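Trainee: Sharing upload.csv (CSV, C-alpha atoms) below.
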chain,number,residue,atom,x,y,z
F,1,MET,CA,124.8,79.9,156.4
F,2,PHE,CA,123.2,78.9,153.2
F,3,SER,CA,122.7,80.9,150.1
F,4,VAL,CA,119.4,81.4,148.2
F,5,PRO,CA,119.8,81.0,144.5
F,6,ARG,CA,119.2,84.2,142.7
F,7,LEU,CA,116.8,84.1,139.8
F,8,PRO,CA,116.7,86.6,137.0
F,9,PHE,CA,113.7,88.9,137.5
F,10,HIS,CA,111.8,87.7,134.4
F,11,LYS,CA,112.0,84.1,135.5
F,12,TRP,CA,110.9,85.0,139.1
F,13,ILE,CA,107.9,86.9,137.6
F,14,GLY,CA,107.0,84.0,135.3
F,15,ARG,CA,107.0,81.5,138.2
F,16,ARG,CA,104.9,83.8,140.4
F,17,THR,CA,102.4,84.3,137.6
F,18,ASN,CA,102.1,80.5,137.0
F,19,ALA,CA,101.6,80.0,140.7
F,20,VAL,CA,98.8,82.5,140.8
F,21,ALA,CA,97.1,80.9,137.8
F,22,VAL,CA,97.3,77.4,139.5
F,23,ILE,CA,95.8,78.9,142.7
F,24,GLY,CA,93.0,80.4,140.7
F,25,LEU,CA,92.1,77.1,139.0
F,26,VAL,CA,92.2,75.2,142.3
F,27,LEU,CA,89.8,77.7,144.0
F,28,PHE,CA,87.5,77.5,141.0
F,29,ALA,CA,87.4,73.7,141.2
F,30,VAL,CA,86.7,74.0,145.0
F,31,SER,CA,83.9,76.5,144.3
F,32,ILE,CA,82.2,74.2,141.8
F,33,PHE,CA,82.5,71.2,144.2
F,34,LEU,CA,81.0,73.2,147.1
F,35,GLY,CA,78.5,75.1,145.1
F,36,ASN,CA,79.6,78.4,146.6
F,37,SER,CA,81.7,81.4,145.5
F,38,TYR,CA,85.0,82.2,147.2
F,39,LEU,CA,86.3,84.6,144.6
F,40,ALA,CA,84.9,87.9,145.9
F,41,PRO,CA,86.4,91.0,144.2
F,42,VAL,CA,87.7,93.9,146.2
F,43,SER,CA,87.5,97.6,145.4
F,44,ALA,CA,91.0,98.1,144.1
F,45,SER,CA,91.1,99.1,140.4
F,46,VAL,CA,93.7,100.3,137.9
F,47,GLN,CA,93.6,101.8,134.5
F,48,SER,CA,94.5,99.3,131.7
F,49,GLY,CA,94.6,100.9,128.2
F,50,ASN,CA,91.2,102.3,127.4
F,51,ARG,CA,89.4,99.9,129.8
F,52,VAL,CA,89.2,99.6,133.6
F,53,SER,CA,90.6,96.5,135.2
F,54,GLU,CA,89.5,95.2,138.6
F,55,LEU,CA,92.0,93.6,140.9
F,56,THR,CA,91.0,90.6,143.0
F,57,PRO,CA,94.0,89.7,145.0
F,58,PRO,CA,95.9,87.5,144.5
F,59,TYR,CA,94.6,87.0,140.9
F,60,ASN,CA,95.5,88.7,137.7
F,61,PRO,CA,93.4,91.6,136.4
F,62,PHE,CA,90.2,91.1,134.5
F,63,LEU,CA,88.3,93.5,132.2
F,64,VAL,CA,85.2,95.6,132.6
F,65,PRO,CA,82.7,96.6,131.2
F,66,PRO,CA,81.2,93.2,132.2
F,67,ILE,CA,80.5,90.3,129.8
F,68,VAL,CA,76.7,89.9,129.2
F,69,VAL,CA,75.3,86.4,129.7
F,70,THR,CA,71.8,86.0,128.2
F,71,ALA,CA,69.0,83.5,128.5
F,72,PRO,CA,66.6,83.8,125.5
F,73,THR,CA,63.0,85.0,125.4
F,74,ALA,CA,61.2,82.9,122.9
F,75,ASN,CA,58.0,81.1,121.9
F,76,GLN,CA,58.0,77.3,121.6
F,77,LEU,CA,55.4,74.9,120.3
F,78,THR,CA,53.7,72.5,122.7
F,79,PRO,CA,54.1,69.6,122.9
F,80,GLY,CA,57.7,69.6,121.7
F,81,THR,CA,61.4,69.5,122.4
F,82,PHE,CA,63.6,72.5,121.8
F,83,VAL,CA,67.0,73.9,122.5
F,84,VAL,CA,67.6,76.9,124.7
F,85,PRO,CA,71.0,78.6,123.9
F,86,ILE,CA,72.8,80.5,126.7
F,87,THR,CA,74.8,83.3,124.9
F,88,VAL,CA,77.6,85.7,125.8
F,89,SER,CA,78.9,89.0,124.4
F,90,ASP,CA,82.4,89.0,122.9
F,91,LEU,CA,85.0,87.1,125.0
F,92,THR,CA,87.9,87.7,122.6
F,93,GLY,CA,91.0,88.7,124.6
F,94,ASP,CA,89.4,88.1,128.0
F,95,GLY,CA,90.9,84.7,128.5
F,96,VAL,CA,87.7,83.1,129.8
F,97,PHE,CA,88.0,79.3,129.8
F,98,SER,CA,85.4,78.2,132.4
F,99,PHE,CA,81.9,79.2,133.5
F,100,GLN,CA,79.1,78.2,135.9
F,101,PHE,CA,75.6,79.3,136.8
F,102,ASN,CA,72.3,78.3,138.4
F,103,LEU,CA,69.2,78.5,136.2
F,104,ASP,CA,65.6,78.5,137.5
F,105,TYR,CA,62.7,77.4,135.3
F,106,ASN,CA,59.1,76.3,135.8
F,107,ALA,CA,59.2,72.5,135.9
F,108,ALA,CA,55.4,72.4,135.4
F,109,VAL,CA,56.0,73.9,132.0
F,110,ILE,CA,59.4,72.7,130.7
F,111,ASP,CA,62.0,70.1,131.8
F,112,PRO,CA,65.7,69.5,130.9
F,113,ASN,CA,65.8,66.5,128.7
F,114,GLY,CA,68.5,64.1,127.5
F,115,ALA,CA,72.0,63.1,128.5
F,116,ASN,CA,73.7,65.4,131.0
F,117,PHE,CA,70.3,67.0,131.6
F,118,GLY,CA,70.2,68.3,128.1
F,119,CYS,CA,73.4,70.3,128.4
F,120,SER,CA,75.9,70.4,125.5
F,121,THR,CA,78.6,72.8,124.2
F,122,ALA,CA,78.7,71.2,120.8
F,123,GLY,CA,78.5,73.8,118.1
F,124,THR,CA,79.1,76.7,120.4
F,125,ILE,CA,82.1,78.9,121.1
F,126,ALA,CA,82.7,76.7,124.1
F,127,ALA,CA,83.1,73.6,122.0
F,128,GLY,CA,85.7,71.4,123.7
F,129,ILE,CA,84.8,72.6,127.2
F,130,LEU,CA,83.0,69.8,129.0
F,131,PRO,CA,79.9,70.9,130.9
F,132,PHE,CA,78.5,69.2,134.0
F,133,CYS,CA,74.8,69.7,134.6
F,134,ASN,CA,72.6,68.6,137.5
F,135,VAL,CA,69.1,69.4,138.7
F,136,LEU,CA,69.2,70.3,142.4
F,137,PRO,CA,66.5,69.2,144.9
F,138,ASP,CA,64.8,72.6,144.6
F,139,GLY,CA,64.5,72.1,140.8
F,140,THR,CA,67.4,74.5,139.9
F,141,LEU,CA,69.6,73.5,136.9
F,142,ARG,CA,73.2,73.9,138.0
F,143,VAL,CA,75.8,74.1,135.2
F,144,SER,CA,79.6,74.0,135.6
F,145,ALA,CA,82.0,73.9,132.7
F,146,PHE,CA,85.8,73.8,133.0
F,147,GLY,CA,88.2,74.0,130.2
F,148,GLN,CA,91.8,75.1,129.3
F,149,ALA,CA,91.8,77.1,126.1
F,150,PRO,CA,90.3,80.6,126.3
F,151,MET,CA,87.0,81.1,124.4
F,152,THR,CA,86.8,83.7,121.6
F,153,GLY,CA,84.0,85.5,119.9
F,154,SER,CA,80.4,85.9,120.9
F,155,GLY,CA,77.3,83.7,120.8
F,156,PRO,CA,76.2,80.5,122.5
F,157,ILE,CA,78.4,78.9,125.1
F,158,LEU,CA,75.9,76.2,126.1
F,159,ASN,CA,72.8,74.6,124.6
F,160,ILE,CA,70.2,73.2,126.9
F,161,THR,CA,67.6,70.8,125.5
F,162,PHE,CA,64.1,71.1,127.1
F,163,THR,CA,60.9,69.2,126.6
F,164,THR,CA,57.5,70.7,127.3
F,165,ASP,CA,55.7,69.0,130.3
F,166,ALA,CA,53.0,66.5,129.5
F,167,LEU,CA,50.4,68.7,131.3
F,168,ALA,CA,51.6,72.0,129.8
F,169,VAL,CA,49.3,73.9,127.5
F,170,ALA,CA,49.6,76.8,125.1
F,171,GLY,CA,49.9,80.1,127.1
F,172,ASN,CA,52.0,78.6,129.9
F,173,VAL,CA,55.2,80.6,130.6
F,174,SER,CA,58.4,79.4,132.2
F,175,PRO,CA,61.0,82.0,133.3
F,176,LEU,CA,64.7,81.4,132.6
F,177,THR,CA,66.2,83.1,135.6
F,178,PHE,CA,69.8,83.1,136.7
F,179,GLN,CA,70.0,82.9,140.4
F,180,PRO,CA,71.6,86.0,141.9
F,181,ASN,CA,75.4,85.9,142.0
F,182,SER,CA,75.4,82.5,140.5
F,183,VAL,CA,76.8,83.4,137.0
F,184,ARG,CA,80.5,83.0,137.1
F,185,LEU,CA,83.1,83.4,134.3
F,186,PHE,CA,86.7,82.6,134.9
F,187,ASN,CA,90.1,83.4,133.4
F,188,SER,CA,93.5,82.7,134.8
F,189,GLY,CA,93.1,85.7,137.1
F,190,GLY,CA,89.8,84.6,138.6
F,191,ASP,CA,86.2,85.7,138.5
F,192,VAL,CA,85.4,87.9,135.5
F,193,THR,CA,82.7,90.6,136.0
F,194,ASN,CA,79.4,89.8,134.1
F,195,THR,CA,75.9,90.9,133.7
F,196,PRO,CA,73.2,88.2,133.5
F,197,VAL,CA,70.0,88.9,131.4
F,198,ASN,CA,67.1,86.6,132.2
F,199,GLY,CA,64.6,85.3,129.6
F,200,GLN,CA,61.5,83.2,129.4
F,201,ILE,CA,59.8,80.6,127.3
F,202,THR,CA,56.1,81.0,126.3
F,203,LEU,CA,54.3,77.9,125.0
F,204,ILE,CA,52.2,78.3,121.9
F,205,GLY,CA,49.9,75.8,120.2
F,206,VAL,CA,50.5,74.2,116.9
F,207,PRO,CA,48.9,76.7,114.5
F,208,THR,CA,45.7,75.4,112.8
F,209,PRO,CA,46.4,75.2,109.2
F,210,THR,CA,44.3,77.5,107.1
F,211,PRO,CA,42.1,75.2,105.0
F,212,THR,CA,42.8,75.5,101.3
F,213,PRO,CA,39.6,76.6,99.7
F,214,THR,CA,38.3,74.0,97.3
F,215,PRO,CA,38.2,75.8,93.9
F,216,THR,CA,34.8,76.0,92.4
F,217,PRO,CA,34.9,74.0,89.3
F,218,THR,CA,34.3,76.0,86.2
F,219,PRO,CA,31.2,74.5,84.6
F,220,THR,CA,32.0,73.0,81.2
F,221,PRO,CA,29.8,74.7,78.7
F,222,SER,CA,27.4,72.4,77.0
F,223,PRO,CA,28.5,72.0,73.4
F,224,SER,CA,26.3,73.9,71.0
F,225,PRO,CA,23.9,71.6,69.2
F,226,THR,CA,25.0,70.7,65.8
F,227,PRO,CA,23.2,72.9,63.3
F,228,PHE,CA,21.1,71.3,60.6
F,229,ALA,CA,20.6,72.6,57.1
F,230,LEU,CA,17.2,73.5,55.7
F,231,SER,CA,17.1,73.7,51.9
F,232,ILE,CA,14.3,75.3,50.0
F,233,LEU,CA,13.6,74.1,46.5
F,234,LYS,CA,11.0,75.2,44.0
F,235,ALA,CA,9.1,73.2,41.5
F,236,GLY,CA,6.3,73.7,39.0
F,237,THR,CA,5.6,76.0,36.0
F,238,GLY,CA,5.0,79.1,38.1
F,239,GLY,CA,7.1,81.2,40.4
F,240,GLY,CA,7.0,82.4,44.0
F,241,THR,CA,8.9,83.2,47.1
F,242,VAL,CA,9.4,81.2,50.3
F,243,THR,CA,10.1,83.1,53.6
F,244,GLY,CA,10.9,81.6,57.0
F,245,SER,CA,11.4,82.5,60.6
F,246,PRO,CA,13.3,82.7,62.8
F,247,GLY,CA,16.3,83.8,60.8
F,248,GLY,CA,14.7,86.0,58.2
F,249,MET,CA,14.8,83.5,55.4
F,250,ASN,CA,13.7,84.9,52.0
F,251,CYS,CA,14.2,82.6,49.1
F,252,GLY,CA,13.3,83.9,45.7
F,253,GLY,CA,15.0,80.9,44.2
F,254,THR,CA,16.8,77.9,45.8
F,255,CYS,CA,18.5,78.6,49.2
F,256,THR,CA,19.9,76.8,52.3
F,257,VAL,CA,19.8,78.1,55.8
F,258,PHE,CA,21.3,76.4,59.0
F,259,TYR,CA,19.3,76.2,62.2
F,260,PRO,CA,20.1,74.8,65.6
F,261,ALA,CA,19.0,71.3,66.4
F,262,GLY,CA,15.4,71.2,67.6
F,263,GLU,CA,14.5,74.6,66.1
F,264,VAL,CA,11.0,74.8,64.7
F,265,VAL,CA,11.0,76.9,61.5
F,266,SER,CA,7.8,78.5,60.1
F,267,LEU,CA,7.6,78.7,56.3
F,268,ALA,CA,5.3,80.7,54.1
F,269,ALA,CA,5.0,80.3,50.3
F,270,THR,CA,3.9,83.4,48.3
F,271,PRO,CA,3.2,82.8,44.6
F,272,ASP,CA,4.1,85.4,42.0
F,273,PRO,CA,1.4,87.2,40.1
F,274,GLY,CA,0.0,84.8,37.6
F,275,SER,CA,1.1,81.8,39.6
F,276,VAL,CA,-0.6,79.7,42.3
F,277,PHE,CA,0.9,77.7,45.1
F,278,VAL,CA,0.3,74.0,44.6
F,279,GLY,CA,1.8,72.5,47.8
F,280,TRP,CA,4.8,71.2,49.8
F,281,SER,CA,6.8,68.1,49.3
F,282,ASN,CA,9.8,66.2,50.6
F,283,SER,CA,10.3,67.2,54.3
F,284,CYS,CA,7.3,69.5,54.3
F,285,SER,CA,3.7,68.5,53.3
F,286,GLY,CA,0.4,70.1,52.8
F,287,THR,CA,-1.3,72.4,50.3
F,288,LEU,CA,-1.6,75.4,52.5
F,289,PRO,CA,1.0,78.1,52.0
F,290,ASN,CA,2.0,78.2,55.7
F,291,THR,CA,3.7,75.2,57.3
F,292,THR,CA,6.3,74.3,59.9
F,293,VAL,CA,9.3,72.0,60.0
F,294,THR,CA,11.3,70.8,63.0
F,295,MET,CA,15.1,70.8,62.5
F,296,ASP,CA,16.1,67.5,64.1
F,297,ALA,CA,18.0,66.5,60.9
F,298,THR,CA,18.9,68.0,57.6
F,299,LYS,CA,15.7,68.9,55.8
F,300,VAL,CA,14.6,69.8,52.3
F,301,CYS,CA,11.3,71.4,51.6
F,302,THR,CA,10.1,71.8,48.0
F,303,ALA,CA,7.5,74.5,47.2
F,304,THR,CA,5.5,73.9,44.0
F,305,PHE,CA,4.2,76.9,42.1
F,306,ASP,CA,2.2,76.6,38.8
F,307,ILE,CA,1.0,79.2,36.3
F,308,GLU,CA,-2.5,80.2,37.1
F,309,PRO,CA,-4.7,78.5,34.5
F,310,THR,CA,-6.6,80.7,32.1
F,311,PRO,CA,-10.3,80.4,32.9
F,312,THR,CA,-12.3,78.7,30.1
F,313,PRO,CA,-14.9,81.2,28.7
F,314,THR,CA,-18.5,80.2,29.4
F,315,PRO,CA,-20.2,79.5,26.0
F,316,THR,CA,-23.1,81.8,25.2
F,317,PRO,CA,-26.2,79.7,24.8
F,318,THR,CA,-27.8,79.7,21.3
F,319,PRO,CA,-31.3,81.3,21.3
Spell out the structure here as structure tokens.

Mentor:
Amino acid sequence: MFSVPRLPFHKWIGRRTNAVAVIGLVLFAVSIFLGNSYLAPVSASVQSGNRVSELTPPYNPFLVPPIVVTAPTANQLTPGTFVVPITVSDLTGDGVFSFQFNLDYNAAVIDPNGANFGCSTAGTIAAGILPFCNVLPDGTLRVSAFGQAPMTGSGPILNITFTTDALAVAGNVSPLTFQPNSVRLFNSGGDVTNTPVNGQITLIGVPTPTPTPTPTPTPTPSPSPTPFALSILKAGTGGGTVTGSPGGMNCGGTCTVFYPAGEVVSLAATPDPGSVFVGWSNSCSGTLPNTTVTMDATKVCTATFDIEPTPTPTPTPTP
């Protein structure tokens, strides 16, 4: 007879739990390699705190309500290259360290582009988990990512770079559809319940820039012509008044009035009683009381008035 070493209960439980975890990881790797799922849950359930846990023998419990896995619905410019983030609801405390899914898209509209078919976990909550991506013969993008440390938080777990197809035009739509039962999240207990949410990409054209209206130039006002001075002087032994228009000039003595360049000014000389108008001189000329002067320069017009001569009496003839 031989004796079986007895282990303390806590060490026996620890070894059994580690064995279960190892079995779970092995089955997960096999499922990725074969492209199939062998981790089907059964109906047994237990109450765990305030949440319900599903039991999938022989794996550890995992939590429900399910984790939501979402493909985005968005507009993208064509032509162009853009990133499609696959996001999850909060994974904190669920111990999820690996995932996989099959994603259908319209290859006539968009195509995975770049190394590893555009897949990367850089900058996501799955940073450090290495994804493996491949396009299957039917055009499906298959994603498998296996890590060790559990993910925490919510947000993108994978970024997929796509490029619009060379023949795609604005208005084309590509679905982003998770194949049924293909979305898998794993913790040390096995397959974690999830709810996939499909999305789509709609191509839009580069918006035509609104032309900036050319401002109507404000016309530069023509400078006002330089005014010229018209001075009225008087000469002679008599007196009189000189009036002018436009402007209402009325010079009883000497005066100066400014007129715009080119203005034609009409002048009128009116002698005082007992005086007579003799004539114009300087910039004006003539012996008539009325005259005009064009203001194309500074002008001086002199009006001459003399005392009306006393008429010589006619001698009476001697008889």

Trainee: Please indicate the distance in Å from atom CA of Ile110 of chain F to atom CA of Val83 of chain F, rounded to one decimal place.

Mentor: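 According to the coordinates, atom CA of Ile110 of chain F and atom CA of Val83 of chain F are separated by 11.2 Å.
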
Trainee: Please tell me which residues are no farther than 6 Å from (15.2, 70.3, 67.8) in the file, counting all atoms listed in the file, and write them as a PyMOL selection string.

Mentor: chain F and resi 261-263+295-296

Trainee: Go ahead and compute the interatomic distance for atom CA of Glu308 of chain F and atom CA of Phe277 of chain F, in Å to one decimal.

Mentor: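 Distance between the two atoms: 9.0 Å.
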
Trainee: Can you measure atom CA of Leu233 of chain F to atom CA of Gly252 of chain F for me? One decimal in Å is fine.

Mentor: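 Distance reported for this atom pair: 9.8 Å.
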
Trainee: Do you know which residues lie at most 9 Å from (2.6, 76.9, 56.1), with coordinates as in the file and all atoms listed in the file counted, and could you write them as a list in words?

Mentor: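 It turns out the residues near that spot are Ser266, Leu267, Ala268, Ala269, Trp280, Cys284, Ser285, Gly286, Thr287, Leu288, Pro289, Asn290, Thr291 and Thr292 of chain F.
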
Trainee: Neighbours of Gly123 of chain F within 12 Å (all atoms listed in the file; same-chain residues fewer than 5 positions away dropped), as a PDB file with C-alpha atoms, in the frame of the given file?

Mentor:
ATOM      1  CA  PRO F  85      71.000  78.600 123.900  1.00  0.00           C
ATOM      2  CA  GLY F 128      85.700  71.400 123.700  1.00  0.00           C
ATOM      3  CA  ILE F 129      84.800  72.600 127.200  1.00  0.00           C
ATOM      4  CA  GLY F 155      77.300  83.700 120.800  1.00  0.00           C
ATOM      5  CA  PRO F 156      76.200  80.500 122.500  1.00  0.00           C
ATOM      6  CA  ILE F 157      78.400  78.900 125.100  1.00  0.00           C
ATOM      7  CA  LEU F 158      75.900  76.200 126.100  1.00  0.00           C
ATOM      8  CA  ASN F 159      72.800  74.600 124.600  1.00  0.00           C
TER       9      ASN F 159
END

Trainee: Just the residues within 10 Å of Thr302 of chain F, please, counting only C-alpha atoms, with nothing from its chain fewer than 4 positions along; format it as a list of chain:residue names.

Mentor: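 Close residues of Thr302 of chain F: F:Ser231, F:Ile232, F:Leu233, F:Lys234, F:Ala235, F:Gly236, F:Val242, F:Thr254, F:Gly279, F:Trp280, F:Ser281, F:Asn282, F:Ser283, F:Cys284, F:Ser285.
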
Trainee: Counting only C-alpha atoms, what is within 8 Å of segment 199-203 of chain F, bar same-chain residues fewer than 5 positions away, as a PDB file with C-alpha atoms, in the frame of the given file?

Mentor:
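This went into around.pdb:
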ATOM      1  CA  THR F  70      71.800  86.000 128.200  1.00  0.00           C
ATOM      2  CA  ALA F  71      69.000  83.500 128.500  1.00  0.00           C
ATOM      3  CA  PRO F  72      66.600  83.800 125.500  1.00  0.00           C
ATOM      4  CA  THR F  73      63.000  85.000 125.400  1.00  0.00           C
ATOM      5  CA  ALA F  74      61.200  82.900 122.900  1.00  0.00           C
ATOM      6  CA  ASN F  75      58.000  81.100 121.900  1.00  0.00           C
ATOM      7  CA  GLN F  76      58.000  77.300 121.600  1.00  0.00           C
ATOM      8  CA  LEU F  77      55.400  74.900 120.300  1.00  0.00           C
ATOM      9  CA  THR F  78      53.700  72.500 122.700  1.00  0.00           C
ATOM     10  CA  VAL F 169      49.300  73.900 127.500  1.00  0.00           C
ATOM     11  CA  ALA F 170      49.600  76.800 125.100  1.00  0.00           C
ATOM     12  CA  GLY F 171      49.900  80.100 127.100  1.00  0.00           C
ATOM     13  CA  ASN F 172      52.000  78.600 129.900  1.00  0.00           C
ATOM     14  CA  VAL F 173      55.200  80.600 130.600  1.00  0.00           C
ATOM     15  CA  SER F 174      58.400  79.400 132.200  1.00  0.00           C
ATOM     16  CA  PRO F 175      61.000  82.000 133.300  1.00  0.00           C
ATOM     17  CA  LEU F 176      64.700  81.400 132.600  1.00  0.00           C
ATOM     18  CA  THR F 177      66.200  83.100 135.600  1.00  0.00           C
TER      19      THR F 177
END

Trainee: Padding 3 Å on every side, please: axis-aligned box over the listed atoms of segment 302-316 of chain F, centre and edge lengths to one decimal in Å, as AutoDock Vina command-line options.

Mentor:
--center_x -6.5 --center_y 76.8 --center_z 36.6 --size_x 39.2 --size_y 16.0 --size_z 28.8
